[in-house]
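With mmCIF, C-alpha atoms inside, this is final_8.cif:
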data_target
#
loop_
_atom_site.group_PDB
_atom_site.id
_atom_site.type_symbol
_atom_site.label_atom_id
_atom_site.label_comp_id
_atom_site.auth_asym_id
_atom_site.auth_seq_id
_atom_site.Cartn_x
_atom_site.Cartn_y
_atom_site.Cartn_z
ATOM 1 C CA MET A 1 13.828 -11.134 25.396
ATOM 2 C CA ALA A 2 12.728 -13.812 22.939
ATOM 3 C CA GLY A 3 14.433 -14.076 19.568
ATOM 4 C CA TYR A 4 11.370 -12.908 17.646
ATOM 5 C CA GLU A 5 10.864 -9.808 19.778
ATOM 6 C CA HIS A 6 14.591 -9.076 19.702
ATOM 7 C CA PHE A 7 14.732 -9.095 15.887
ATOM 8 C CA ARG A 8 11.460 -7.178 15.675
ATOM 9 C CA LYS A 9 12.690 -4.376 17.951
ATOM 10 C CA LYS A 10 16.050 -4.212 16.197
ATOM 11 C CA ASN A 11 14.456 -4.093 12.745
ATOM 12 C CA LEU A 12 11.920 -1.473 13.778
ATOM 13 C CA ASP A 13 14.710 0.717 15.172
ATOM 14 C CA ASP A 14 16.727 0.269 11.965
ATOM 15 C CA ASN A 15 13.680 1.067 9.837
ATOM 16 C CA ARG A 16 12.945 4.250 11.802
ATOM 17 C CA ARG A 17 16.558 5.353 11.518
ATOM 18 C CA ILE A 18 16.661 4.763 7.761
ATOM 19 C CA LEU A 19 13.341 6.534 7.177
ATOM 20 C CA ALA A 20 14.608 9.444 9.284
ATOM 21 C CA GLU A 21 17.716 9.637 7.086
ATOM 22 C CA LEU A 22 15.381 9.944 4.086
ATOM 23 C CA GLY A 23 13.558 12.834 5.742
ATOM 24 C CA LEU A 24 10.453 10.801 6.541
ATOM 25 C CA SER A 25 10.571 10.714 10.318
ATOM 26 C CA ASN A 26 8.093 13.513 10.982
ATOM 27 C CA ILE A 27 5.632 13.158 8.091
ATOM 28 C CA CYS A 28 3.178 11.112 10.137
ATOM 29 C CA PRO A 29 3.133 12.123 13.823
ATOM 30 C CA LYS A 30 1.607 9.655 16.237
ATOM 31 C CA ALA A 31 -1.094 12.184 17.027
ATOM 32 C CA SER A 32 -2.242 12.313 13.398
ATOM 33 C CA LYS A 33 -5.533 10.838 12.289
ATOM 34 C CA VAL A 34 -5.696 9.417 8.762
ATOM 35 C CA THR A 35 -8.811 10.220 6.738
ATOM 36 C CA PHE A 36 -9.390 9.023 3.189
ATOM 37 C CA LYS A 37 -10.649 11.103 0.323
ATOM 38 C CA LYS A 38 -13.979 10.117 -1.157
ATOM 39 C CA TYR A 39 -14.111 9.004 -4.755
ATOM 40 C CA LYS A 40 -17.225 8.679 -6.862
ATOM 41 C CA GLN A 41 -16.926 4.925 -7.272
ATOM 42 C CA PRO A 42 -14.242 2.249 -7.606
ATOM 43 C CA THR A 43 -13.197 0.942 -10.975
ATOM 44 C CA PRO A 44 -15.758 -1.694 -12.038
ATOM 45 C CA ALA A 45 -14.638 -5.244 -12.644
ATOM 46 C CA THR A 46 -13.384 -5.712 -16.199
ATOM 47 C CA THR A 47 -14.876 -9.196 -16.427
ATOM 48 C CA PRO A 48 -18.670 -9.522 -16.902
ATOM 49 C CA LYS A 49 -20.517 -11.684 -14.406
ATOM 50 C CA PRO A 50 -21.535 -14.998 -16.032
ATOM 51 C CA PRO A 51 -24.860 -16.821 -15.667
ATOM 52 C CA ILE A 52 -25.123 -19.220 -12.719
ATOM 53 C CA ASN A 53 -25.200 -22.359 -14.912
ATOM 54 C CA CYS A 54 -22.428 -21.147 -17.184
ATOM 55 C CA GLN A 55 -19.613 -23.577 -17.976
ATOM 56 C CA LYS A 56 -16.075 -22.435 -17.246
ATOM 57 C CA ARG A 57 -12.893 -23.070 -19.141
ATOM 58 C CA LYS A 58 -9.527 -23.574 -17.444
ATOM 59 C CA LEU A 59 -6.751 -21.284 -18.595
ATOM 60 C CA GLU A 60 -3.146 -21.747 -17.550
ATOM 61 C CA ILE A 61 -1.550 -18.433 -16.603
ATOM 62 C CA GLU A 62 2.161 -17.863 -16.970
ATOM 63 C CA GLU A 63 3.883 -17.593 -13.614
ATOM 64 C CA GLU A 64 6.119 -14.792 -14.847
ATOM 65 C CA GLU A 65 3.160 -12.519 -15.453
ATOM 66 C CA LEU A 66 0.600 -13.470 -12.803
ATOM 67 C CA GLY A 67 2.547 -14.931 -9.898
ATOM 68 C CA SER A 68 2.506 -18.605 -8.937
ATOM 69 C CA ILE A 69 -1.202 -19.308 -9.526
ATOM 70 C CA ARG A 70 -1.837 -22.123 -11.981
ATOM 71 C CA LYS A 71 -5.003 -23.191 -13.751
ATOM 72 C CA ARG A 72 -7.157 -20.325 -12.593
ATOM 73 C CA ARG A 73 -10.628 -20.247 -14.139
ATOM 74 C CA ARG A 74 -11.405 -17.517 -16.624
ATOM 75 C CA ARG A 75 -14.863 -16.671 -17.884
ATOM 76 C CA SER A 76 -15.391 -16.983 -21.617
ATOM 77 C CA ALA A 77 -17.881 -14.736 -23.395
ATOM 78 C CA ARG A 78 -18.469 -17.208 -26.228
ATOM 79 C CA ILE A 79 -19.456 -19.996 -23.842
ATOM 80 C CA GLN A 80 -21.911 -17.627 -22.199
ATOM 81 C CA GLY A 81 -23.546 -16.943 -25.546
ATOM 82 C CA THR A 82 -23.112 -13.181 -25.156
ATOM 83 C CA LYS A 83 -21.017 -10.628 -26.960
ATOM 84 C CA ALA A 84 -17.905 -9.681 -24.983
ATOM 85 C CA GLU A 85 -17.739 -6.046 -23.987
ATOM 86 C CA ALA A 86 -14.798 -6.153 -21.574
ATOM 87 C CA ALA A 87 -11.349 -5.132 -22.689
ATOM 88 C CA VAL A 88 -8.577 -7.748 -22.743
ATOM 89 C CA LEU A 89 -5.053 -7.030 -21.524
ATOM 90 C CA VAL A 90 -2.367 -7.879 -24.079
ATOM 91 C CA ASP A 91 1.322 -8.091 -23.156
ATOM 92 C CA GLU A 92 3.742 -6.400 -25.489
ATOM 93 C CA ASP A 93 5.911 -9.495 -25.799
ATOM 94 C CA SER A 94 3.330 -12.298 -25.767
ATOM 95 C CA GLY A 95 1.623 -11.755 -29.124
ATOM 96 C CA GLU A 96 -1.148 -14.131 -28.021
ATOM 97 C CA GLU A 97 -4.845 -13.550 -27.467
ATOM 98 C CA ASP A 98 -7.597 -15.719 -26.093
ATOM 99 C CA GLU A 99 -9.239 -17.427 -29.045
ATOM 100 C CA GLU A 100 -12.373 -18.102 -27.003
ATOM 101 C CA ALA A 101 -13.031 -14.413 -26.264
ATOM 102 C CA LYS A 102 -13.009 -11.952 -29.146
ATOM 103 C CA PRO A 103 -13.828 -8.558 -27.662
ATOM 104 C CA ASN A 104 -14.859 -5.534 -29.682
ATOM 105 C CA LYS A 105 -12.080 -3.490 -28.135
ATOM 106 C CA THR A 106 -8.563 -4.562 -27.107
ATOM 107 C CA VAL A 107 -6.498 -2.450 -24.709
ATOM 108 C CA PHE A 108 -2.769 -2.591 -25.273
ATOM 109 C CA ARG A 109 -1.015 -2.485 -21.896
ATOM 110 C CA PRO A 110 2.744 -2.598 -22.468
ATOM 111 C CA LYS A 111 5.106 -3.266 -19.612
ATOM 112 C CA THR A 112 6.161 0.209 -18.644
ATOM 113 C CA TYR A 113 7.546 2.181 -15.726
ATOM 114 C CA GLY A 114 5.629 5.022 -14.193
ATOM 115 C CA ALA A 115 1.977 5.966 -14.336
ATOM 116 C CA ILE A 116 -0.571 4.135 -16.483
ATOM 117 C CA GLU A 117 -2.702 6.367 -18.665
ATOM 118 C CA GLY A 118 -6.332 6.382 -17.605
ATOM 119 C CA VAL A 119 -5.715 5.003 -14.090
ATOM 120 C CA ASP A 120 -5.756 7.749 -11.458
ATOM 121 C CA VAL A 121 -4.192 7.726 -8.019
ATOM 122 C CA GLY A 122 -6.818 6.431 -5.601
ATOM 123 C CA THR A 123 -8.365 3.982 -8.083
ATOM 124 C CA THR A 124 -9.585 0.849 -6.285
ATOM 125 C CA TRP A 125 -10.362 -2.708 -7.280
ATOM 126 C CA MET A 126 -12.145 -5.453 -5.383
ATOM 127 C CA MET A 127 -9.883 -8.141 -6.904
ATOM 128 C CA ARG A 128 -6.218 -8.134 -7.820
ATOM 129 C CA LEU A 129 -7.098 -9.741 -11.135
ATOM 130 C CA ASP A 130 -8.827 -6.503 -12.157
ATOM 131 C CA CYS A 131 -5.830 -4.501 -10.948
ATOM 132 C CA SER A 132 -3.664 -6.746 -13.133
ATOM 133 C CA ARG A 133 -5.832 -6.192 -16.193
ATOM 134 C CA ASP A 134 -5.591 -2.433 -15.759
ATOM 135 C CA GLY A 135 -1.794 -2.800 -15.889
ATOM 136 C CA ILE A 136 -1.026 -1.310 -12.468
ATOM 137 C CA HIS A 137 0.283 -4.490 -10.813
ATOM 138 C CA ARG A 138 0.247 -7.553 -13.064
ATOM 139 C CA PRO A 139 1.003 -10.427 -10.626
ATOM 140 C CA THR A 140 -2.131 -11.678 -8.884
ATOM 141 C CA VAL A 141 -0.184 -13.284 -6.020
ATOM 142 C CA ALA A 142 3.445 -12.117 -6.112
ATOM 143 C CA GLY A 143 4.216 -8.871 -4.346
ATOM 144 C CA ILE A 144 6.901 -7.672 -6.778
ATOM 145 C CA HIS A 145 6.697 -7.295 -10.557
ATOM 146 C CA GLY A 146 10.273 -7.076 -11.773
ATOM 147 C CA GLY A 147 11.611 -5.616 -15.004
ATOM 148 C CA PRO A 148 14.985 -5.164 -16.733
ATOM 149 C CA GLU A 149 15.670 -1.741 -15.155
ATOM 150 C CA GLY A 150 14.023 -2.288 -11.795
ATOM 151 C CA ALA A 151 10.612 -3.187 -10.417
ATOM 152 C CA TYR A 152 7.509 -2.060 -12.277
ATOM 153 C CA SER A 153 5.258 -2.292 -9.217
ATOM 154 C CA ILE A 154 4.820 -3.781 -5.749
ATOM 155 C CA ALA A 155 1.831 -4.715 -3.605
ATOM 156 C CA LEU A 156 1.568 -4.049 0.129
ATOM 157 C CA SER A 157 -0.779 -6.680 1.488
ATOM 158 C CA GLY A 158 -0.196 -8.470 4.777
ATOM 159 C CA GLY A 159 3.544 -8.868 5.016
ATOM 160 C CA TYR A 160 5.872 -8.625 7.995
ATOM 161 C CA ASP A 161 5.065 -6.860 11.262
ATOM 162 C CA ASP A 162 8.520 -5.261 11.488
ATOM 163 C CA ASN A 163 7.815 -2.972 8.517
ATOM 164 C CA ILE A 164 6.883 0.667 9.021
ATOM 165 C CA ASP A 165 4.304 2.436 6.845
ATOM 166 C CA LEU A 166 4.181 6.238 7.049
ATOM 167 C CA GLY A 167 2.108 6.732 3.924
ATOM 168 C CA GLU A 168 4.593 8.987 2.125
ATOM 169 C CA GLY A 169 7.295 6.407 2.814
ATOM 170 C CA PHE A 170 7.607 2.854 4.075
ATOM 171 C CA THR A 171 9.905 -0.130 4.488
ATOM 172 C CA TYR A 172 9.271 -3.315 2.551
ATOM 173 C CA THR A 173 10.526 -6.885 3.025
ATOM 174 C CA GLY A 174 11.532 -8.803 -0.079
ATOM 175 C CA GLU A 175 10.358 -12.165 -1.375
ATOM 176 C CA GLY A 176 11.680 -15.708 -1.120
ATOM 177 C CA GLY A 177 13.095 -17.887 1.643
ATOM 178 C CA ARG A 178 9.984 -20.081 1.774
ATOM 179 C CA ASP A 179 9.410 -23.624 0.565
ATOM 180 C CA LEU A 180 6.493 -23.123 -1.823
ATOM 181 C CA LYS A 181 6.152 -26.841 -2.553
ATOM 182 C CA GLY A 182 4.530 -27.378 0.822
ATOM 183 C CA THR A 183 4.319 -30.544 2.882
ATOM 184 C CA LYS A 184 2.160 -33.656 2.825
ATOM 185 C CA ALA A 185 -0.118 -32.144 5.436
ATOM 186 C CA ASN A 186 -0.264 -28.771 3.665
ATOM 187 C CA PRO A 187 0.728 -29.270 0.026
ATOM 188 C CA LYS A 188 -0.610 -25.956 -1.272
ATOM 189 C CA ASN A 189 0.659 -23.376 1.172
ATOM 190 C CA LEU A 190 1.773 -20.990 -1.612
ATOM 191 C CA ARG A 191 3.421 -17.977 0.065
ATOM 192 C CA THR A 192 2.016 -18.647 3.522
ATOM 193 C CA ALA A 193 4.730 -21.137 4.452
ATOM 194 C CA PRO A 194 7.125 -20.029 7.202
ATOM 195 C CA GLN A 195 10.536 -18.821 6.109
ATOM 196 C CA SER A 196 13.023 -21.675 6.155
ATOM 197 C CA LYS A 197 16.118 -20.174 4.511
ATOM 198 C CA ASP A 198 17.766 -16.870 3.660
ATOM 199 C CA GLN A 199 16.313 -14.713 0.922
ATOM 200 C CA THR A 200 18.499 -14.242 -2.138
ATOM 201 C CA LEU A 201 19.115 -11.211 -4.316
ATOM 202 C CA THR A 202 17.273 -12.662 -7.312
ATOM 203 C CA ARG A 203 13.998 -12.116 -9.203
ATOM 204 C CA GLY A 204 11.858 -9.466 -7.486
ATOM 205 C CA ASN A 205 14.484 -8.624 -4.862
ATOM 206 C CA LEU A 206 17.082 -8.038 -7.579
ATOM 207 C CA ALA A 207 14.636 -5.864 -9.497
ATOM 208 C CA LEU A 208 13.919 -3.664 -6.450
ATOM 209 C CA SER A 209 17.635 -3.305 -5.746
ATOM 210 C CA MET A 210 18.180 -2.221 -9.377
ATOM 211 C CA SER A 211 15.535 0.477 -8.869
ATOM 212 C CA VAL A 212 17.866 2.203 -6.398
ATOM 213 C CA GLU A 213 20.400 2.851 -9.180
ATOM 214 C CA SER A 214 18.077 3.246 -12.163
ATOM 215 C CA LYS A 215 15.721 5.641 -10.297
ATOM 216 C CA GLN A 216 12.792 4.138 -12.191
ATOM 217 C CA PRO A 217 9.536 4.885 -10.306
ATOM 218 C CA VAL A 218 7.622 1.980 -8.801
ATOM 219 C CA ARG A 219 3.822 1.786 -8.795
ATOM 220 C CA VAL A 220 2.459 0.913 -5.343
ATOM 221 C CA ILE A 221 -0.870 -0.642 -4.383
ATOM 222 C CA ARG A 222 -2.061 -1.197 -0.826
ATOM 223 C CA GLY A 223 -4.417 -4.035 0.071
ATOM 224 C CA TYR A 224 -7.018 -4.437 2.795
ATOM 225 C CA LYS A 225 -4.914 -7.098 4.575
ATOM 226 C CA LEU A 226 -2.116 -4.625 5.256
ATOM 227 C CA ASP A 227 -1.756 -3.770 8.950
ATOM 228 C CA SER A 228 -1.450 -0.025 8.456
ATOM 229 C CA PRO A 229 -3.599 3.077 9.022
ATOM 230 C CA PHE A 230 -3.107 3.793 5.307
ATOM 231 C CA ALA A 231 -4.600 0.482 4.133
ATOM 232 C CA PRO A 232 -8.005 0.535 2.396
ATOM 233 C CA GLU A 233 -10.973 -0.953 4.219
ATOM 234 C CA GLU A 234 -11.633 -3.304 1.309
ATOM 235 C CA GLY A 235 -10.053 -4.290 -1.970
ATOM 236 C CA TYR A 236 -6.855 -2.836 -3.387
ATOM 237 C CA ARG A 237 -5.960 0.801 -4.044
ATOM 238 C CA TYR A 238 -3.399 2.468 -6.300
ATOM 239 C CA ASP A 239 -1.429 4.996 -4.226
ATOM 240 C CA GLY A 240 0.896 6.417 -6.865
ATOM 241 C CA LEU A 241 4.602 6.280 -7.689
ATOM 242 C CA TYR A 242 7.434 5.685 -5.224
ATOM 243 C CA SER A 243 11.207 5.609 -5.560
ATOM 244 C CA VAL A 244 13.359 2.911 -3.979
ATOM 245 C CA GLU A 245 15.847 4.864 -1.890
ATOM 246 C CA LYS A 246 17.802 2.088 -0.183
ATOM 247 C CA CYS A 247 18.134 -1.679 0.137
ATOM 248 C CA TRP A 248 19.957 -3.726 2.772
ATOM 249 C CA PHE A 249 20.289 -7.274 4.057
ATOM 250 C CA THR A 250 19.438 -8.078 7.675
ATOM 251 C CA THR A 251 18.138 -10.817 9.953
ATOM 252 C CA GLY A 252 14.382 -11.224 9.733
ATOM 253 C CA LEU A 253 11.815 -12.173 12.344
ATOM 254 C CA SER A 254 12.276 -15.866 11.582
ATOM 255 C CA GLY A 255 16.017 -15.696 12.247
ATOM 256 C CA PHE A 256 16.848 -16.042 8.536
ATOM 257 C CA GLY A 257 18.250 -13.326 6.314
ATOM 258 C CA VAL A 258 15.877 -11.013 4.433
ATOM 259 C CA TRP A 259 16.249 -8.152 1.978
ATOM 260 C CA LYS A 260 14.691 -4.872 3.078
ATOM 261 C CA PHE A 261 13.850 -1.809 1.017
ATOM 262 C CA ALA A 262 12.974 1.789 1.863
ATOM 263 C CA LEU A 263 10.627 3.615 -0.509
ATOM 264 C CA LYS A 264 9.638 7.282 -0.698
ATOM 265 C CA ARG A 265 6.691 8.790 -2.560
ATOM 266 C CA CYS A 266 7.718 10.645 -5.711
ATOM 267 C CA PRO A 267 6.969 14.377 -6.020
ATOM 268 C CA ASN A 268 5.095 16.052 -8.894
ATOM 269 C CA GLN A 269 2.163 13.662 -9.051
ATOM 270 C CA ALA A 270 -1.435 13.596 -7.883
ATOM 271 C CA PRO A 271 -1.750 13.839 -4.078
ATOM 272 C CA PRO A 272 -2.252 10.625 -2.092
ATOM 273 C CA PRO A 273 -5.790 9.418 -1.364
ATOM 274 C CA TRP A 274 -5.565 10.384 2.304
ATOM 275 C CA THR A 275 -5.089 13.410 4.521
ATOM 276 C CA LEU A 276 -3.487 13.743 7.948
ATOM 277 C CA ASN A 277 -5.344 15.600 10.668
ATOM 278 C CA GLU A 278 -3.176 16.458 13.662
ATOM 279 C CA SER A 279 -6.096 16.304 16.048
ATOM 280 C CA CYS A 280 -4.098 15.927 19.242
ATOM 281 C CA SER A 281 -1.756 18.827 18.514
ATOM 282 C CA GLY A 282 -4.774 20.933 17.621
ATOM 283 C CA ASP A 283 -6.469 19.977 20.861
ATOM 284 C CA GLU A 284 -3.369 20.940 22.785
ATOM 285 C CA SER A 285 -3.288 24.382 21.193
ATOM 286 C CA THR A 286 -6.998 24.777 21.865
ATOM 287 C CA ASP A 287 -6.452 23.797 25.481
ATOM 288 C CA ASN A 288 -3.650 26.342 25.742
ATOM 289 C CA GLU A 289 -5.827 29.091 24.287
ATOM 290 C CA THR A 290 -8.644 28.102 26.609
ATOM 291 C CA SER A 291 -6.411 28.252 29.646
ATOM 292 C CA GLU A 292 -5.088 31.659 28.587
ATOM 293 C CA GLN A 293 -8.612 32.906 28.103
ATOM 294 C CA LYS A 294 -9.509 31.612 31.554
ATOM 295 C CA VAL A 295 -6.552 33.481 33.043
ATOM 296 C CA ASN A 296 -7.549 36.702 31.281
ATOM 297 C CA THR A 297 -11.159 36.256 32.365
ATOM 298 C CA ASN A 298 -10.141 35.697 35.972
ATOM 299 C CA THR A 299 -7.902 38.798 35.868
ATOM 300 C CA VAL A 300 -10.743 40.969 34.593
ATOM 301 C CA GLU A 301 -13.081 39.604 37.241
ATOM 302 C CA ASP A 302 -10.533 40.303 39.957
ATOM 303 C CA LYS A 303 -10.128 43.916 38.775
ATOM 304 C CA GLU A 304 -13.882 44.416 38.706
ATOM 305 C CA ASN A 305 -14.187 43.001 42.228
ATOM 306 C CA MET A 306 -11.414 45.261 43.467
ATOM 307 C CA GLU A 307 -13.063 48.354 41.940
ATOM 308 C CA SER A 308 -16.463 47.439 43.383
ATOM 309 C CA ASN A 309 -14.906 46.928 46.806
ATOM 310 C CA LYS A 310 -13.218 50.346 46.594
ATOM 311 C CA MET A 311 -16.527 51.972 45.683
ATOM 312 C CA LYS A 312 -18.253 50.275 48.605
ATOM 313 C CA SER A 313 -15.562 51.370 51.029
ATOM 314 C CA THR A 314 -15.785 54.968 49.750
ATOM 315 C CA GLN A 315 -19.557 54.993 50.176
ATOM 316 C CA ASP A 316 -19.232 53.617 53.711
ATOM 317 C CA GLU A 317 -16.762 56.373 54.625
ATOM 318 C CA GLN A 318 -19.106 59.001 53.298
#

What would the structure in this file look like if it were written as structure tokens?
Amino acid sequence: MAGYEHFRKKNLDDNRRILAELGLSNICPKASKVTFKKYKQPTPATTPKPPINCQKRKLEIEEEELGSIRKRRRRSARIQGTKAEAAVLVDEDSGEEDEEAKPNKTVFRPKTYGAIEGVDVGTTWMMRLDCSRDGIHRPTVAGIHGGPEGAYSIALSGGYDDNIDLGEGFTYTGEGGRDLKGTKANPKNLRTAPQSKDQTLTRGNLALSMSVESKQPVRVIRGYKLDSPFAPEEGYRYDGLYSVEKCWFTTGLSGFGVWKFALKRCPNQAPPPWTLNESCSGDESTDNETSEQKVNTNTVEDKENMESNKMKSTQDEQ
């Protein structure tokens, strides 16, 4: 067996065992079919669409808040010549606002654990930037948003194929171990570079490990790139609060060390935006009932035939 397949099988077995220890082994039978609840409409983009010939101003975004993206373009309402109607997200510790855009209404989104007021479970966004502005998951690239008492939120999008997603619980691979500087041939590989060293218990990984002890809930979004039956068909969806139950260090698919985490959906919140239909088990019970009915029907027919035969024989004797 090749090294990749060996580590993948081992990690999958470990993940299943750990999820079973958390009581999550039977919440999503293989026979289940996942169906998603219908919502009226996704959350609209918080940024108005500019005219085609509109000029754009470059705005440098802090890596701590919005991942590793630098010099992303941001639309300015003043340059467009229109009055800004969209709300602007203000960090509690930044104290800075965009001088170019002066909206009528400013939404204060402090860094906080738990649910965000006004954002329901099942809310969707077409872009992670809009998800960031609504305060659910601030980084637009990074998968983990860390805080002083644990992680505020994580994003499930793409990732490693040795993770297991059962909806109500899942395993998650930490960040790091990649050379983000790139190479001469591919200087801007961001987080798509192959892992070239062990992950360390720092930054987002450290925050998720702290969540195990602090018990602070973690907001979870799933993206369309996630290879899971629970992933949305498009965009990004808020799936509620989860608790980090366990973390451990193991060998990843690349042969280097990775940090793994097991998360479980918190109780006493809005239900998830999906339902499980055990179609196969239902079919089996239906088949069983059908077979029993067939047996009963055949028995009745046999009795009727026997009685008719007796009557015929009696008539013949007479």

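Closest to Arg219 (chain A) among A:Val258, A:Leu156, A:Leu253, A:Leu166 is A:Leu156, based on only C-alpha atoms.
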
Please determine the residues with any atom at most 12 Å from (-5.9, 8.6, -8.8) (coordinates as given in the file, with all atoms listed in the file counting) and report them as a PyMOL selection string.
chain A and resi 37-43+115-124+136+219-221+237-241+269-274

I would like the residues chosen by the PyMOL selection byres ((chain A and resi 3-20) around 7) on the shown file; could you give them as an mmCIF file with C-alpha atoms, in the coordinates of the input?
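Saved result, part_1.cif, follows:
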data_model
loop_
_atom_site.group_PDB
_atom_site.id
_atom_site.type_symbol
_atom_site.label_atom_id
_atom_site.label_comp_id
_atom_site.auth_asym_id
_atom_site.auth_seq_id
_atom_site.Cartn_x
_atom_site.Cartn_y
_atom_site.Cartn_z
ATOM 1 C CA MET A 1 13.828 -11.134 25.396
ATOM 2 C CA ALA A 2 12.728 -13.812 22.939
ATOM 3 C CA GLU A 21 17.716 9.637 7.086
ATOM 4 C CA LEU A 22 15.381 9.944 4.086
ATOM 5 C CA GLY A 23 13.558 12.834 5.742
ATOM 6 C CA LEU A 24 10.453 10.801 6.541
ATOM 7 C CA SER A 25 10.571 10.714 10.318
ATOM 8 C CA ASP A 162 8.520 -5.261 11.488
ATOM 9 C CA ASN A 163 7.815 -2.972 8.517
ATOM 10 C CA ILE A 164 6.883 0.667 9.021
ATOM 11 C CA THR A 171 9.905 -0.130 4.488
ATOM 12 C CA GLY A 252 14.382 -11.224 9.733
ATOM 13 C CA LEU A 253 11.815 -12.173 12.344
ATOM 14 C CA SER A 254 12.276 -15.866 11.582
#

To one decimal place in Å, what is the distance between CA of Phe36 (chain A) and CA of Asn268 (chain A)?
20.1 Å

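Using the PyMOL selection byres ((chain A and resi 143) around 7) on the file at hand returns these residues: Val141, Ala142, Ile144, His145, Ile154 and Ala155 of chain A.
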
Region 244-252 of chain A: axis-aligned bounding box, 5 Å on each side, centre and edge lengths in Å, one decimal, as lines of an AutoDock Vina configuration file:
center_x = 16.8
center_y = -3.2
center_z = 3.0
size_x = 16.9
size_y = 26.1
size_z = 23.9

Nearest residue to Gly169 (chain A) from the set A:Val218, A:Met210, A:Leu263, A:Cys247 (distances using all atoms listed in the file)
A:Leu263

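Between CA of Lys246 (chain A) and CA of Gly135 (chain A) lies a distance of 25.6 Å.
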
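Closest approach to Ala207 (chain A) among A:Leu129, A:Ala151, A:Ala231, A:Leu276 is made by A:Ala151 (distances from only C-alpha atoms).
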
Given the PyMOL selection byres ((chain A and resi 235) around 9), the residues it picks as a PDB file with C-alpha atoms, in the coordinates of the input:
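The resulting file, expr38.pdb, is shown below:
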ATOM      1  CA  THR A 124      -9.585   0.849  -6.285  1.00  0.00           C
ATOM      2  CA  TRP A 125     -10.362  -2.708  -7.280  1.00  0.00           C
ATOM      3  CA  MET A 126     -12.145  -5.453  -5.383  1.00  0.00           C
ATOM      4  CA  MET A 127      -9.883  -8.141  -6.904  1.00  0.00           C
ATOM      5  CA  ARG A 128      -6.218  -8.134  -7.820  1.00  0.00           C
ATOM      6  CA  ARG A 222      -2.061  -1.197  -0.826  1.00  0.00           C
ATOM      7  CA  GLY A 223      -4.417  -4.035   0.071  1.00  0.00           C
ATOM      8  CA  TYR A 224      -7.018  -4.437   2.795  1.00  0.00           C
ATOM      9  CA  LYS A 225      -4.914  -7.098   4.575  1.00  0.00           C
ATOM     10  CA  PRO A 232      -8.005   0.535   2.396  1.00  0.00           C
ATOM     11  CA  GLU A 233     -10.973  -0.953   4.219  1.00  0.00           C
ATOM     12  CA  GLU A 234     -11.633  -3.304   1.309  1.00  0.00           C
ATOM     13  CA  TYR A 236      -6.855  -2.836  -3.387  1.00  0.00           C
ATOM     14  CA  ARG A 237      -5.960   0.801  -4.044  1.00  0.00           C
TER      15      ARG A 237
END
